[in-house]
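Let me begin by presenting the structure, written as structure tokens, before commenting on it.
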Amino acid sequence: MPGLTLGGVLSRRRIFRSSSHSAPSRWRGALLVAAFSLGAVALAGLGLPANLFGSAPSEQDWTAAAASVRVVDGDTLRLGERTLRLSGLLSPERGLTCRAANGVGFDCGATAAEALARLVQGHDLACRVKGRDGFGRPLGTCQAGGVEVNAALISSGWALAEKAAMQPLEAEARQAGRGLWSHLPGAPEDWQQR
């Protein structure tokens, strides 16, 4: 090659690496980042509360100041940011129409919620939480002003007993004609079937 010097050939020539050498070095960085990320996640998991992994205590005590208690419906309370369903009872849903003895219709679910509100109004709550309902809400038994709220709601006739231990309270409310037992033909179907 006349006119070409060794320096000119070398300066124009490109050096290509074979593809067999570039793949491992290209993936090495990505593998190091992935390994580091997995290690960081594993270490962070050691510091998380145990209840995130399904080992939460089966029973818990919750308390709520009177000002933070809200009634959602006849069997559900909000205690600050937490929702709690009262265990062992069933109250009518809001919007369910019942009939009084004089034939006048009323929202018996809202009336049951009002009965619950009267029980908890102005009282701090102490609740024993055990288990969850079908919607994943915690289930509990609450005390307000020395009164067990769950039992009092059944005893006043605004909820049905779901547990055998509370059925004598329901029978007493039925016999005394309290709450929705005052006019059975106008009560919800669940009451009529008892």
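Scheme for the structure tokens: letters A, B, ... for chains in order shown; per-chain residue numbers from 1; ligand numbers from 1 in order shown.
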*Do you know which residues are at most 9 Å from Ala173 (chain A) counting only C-alpha atoms, after dropping those on the same chain fewer than 5 positions away, and could you put them as a ChimeraX atom specification?*
/A:154-157,168,178-179,181
Query - Contacts of region 122-134 of chain A at 10 Å (only C-alpha atoms; same-chain gap of 2+ positions) as number ranges by chain - result: A: 57-69, 79, 84-87, 117-120, 136-149
request  = Could you find all residues in region 45-190 of chain A that DSSP calls helix (DSSP H, G or I) from the backbone, and write them as a PyMOL selection string?
outcome  = chain A and resi 45-46+50-53+66-68+108-120+149-155+164-176+179-186+189-190
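Of the residues under consideration (A:Asp107, A:Ala112, A:Gly88, A:Pro188), A:Gly88 shows the shortest atom-to-atom contact distance to Glu170 (chain A) when counting only C-alpha atoms.
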For this session: Using DSSP on the backbone, list every residue of region 41-191 of chain A that comes out as strand (DSSP E or B), and give them as a PyMOL selection string.
Result: chain A and resi 59-64+69-73+76-79+82-86+89-90+97-99+105-107+125-132+138-144+147-148+160-161
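Of the residues listed (A:Val71, A:Ala152, A:Ala100, A:Gly80), A:Val71 shows the shortest atom-to-atom separation from Ala113 (chain A); distances use only C-alpha atoms.
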Margin query: Just checking: using only C-alpha atoms, which residue out of A:Leu77, A:Arg174, A:Asn102, A:Ala187 ends up closest to Gln121 (chain A)?
Written below: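 With only C-alpha atoms as the atom set, the closest residue is A:Leu77.
If you look at CA of Gly74 (chain A) and CA of Ser91 (chain A), they are 5.5 Å away from each other.
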Two-atom distance - CA of Phe106 (chain A), CA of Gln167 (chain A) (Å):
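Spanning CA of Phe106 (chain A) to CA of Gln167 (chain A) is a straight-line distance of 25.8 Å.
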Using only C-alpha atoms, the residue out of A:Leu116, A:Ala164, A:Ala110, A:Ala171 with shortest distance to Thr97 (chain A) is A:Ala110
Judged by only C-alpha atoms, the minimum distance to Gln192 (chain A) among A:Asp73, A:Phe135, A:Cys98, A:Gly103 is found for A:Cys98
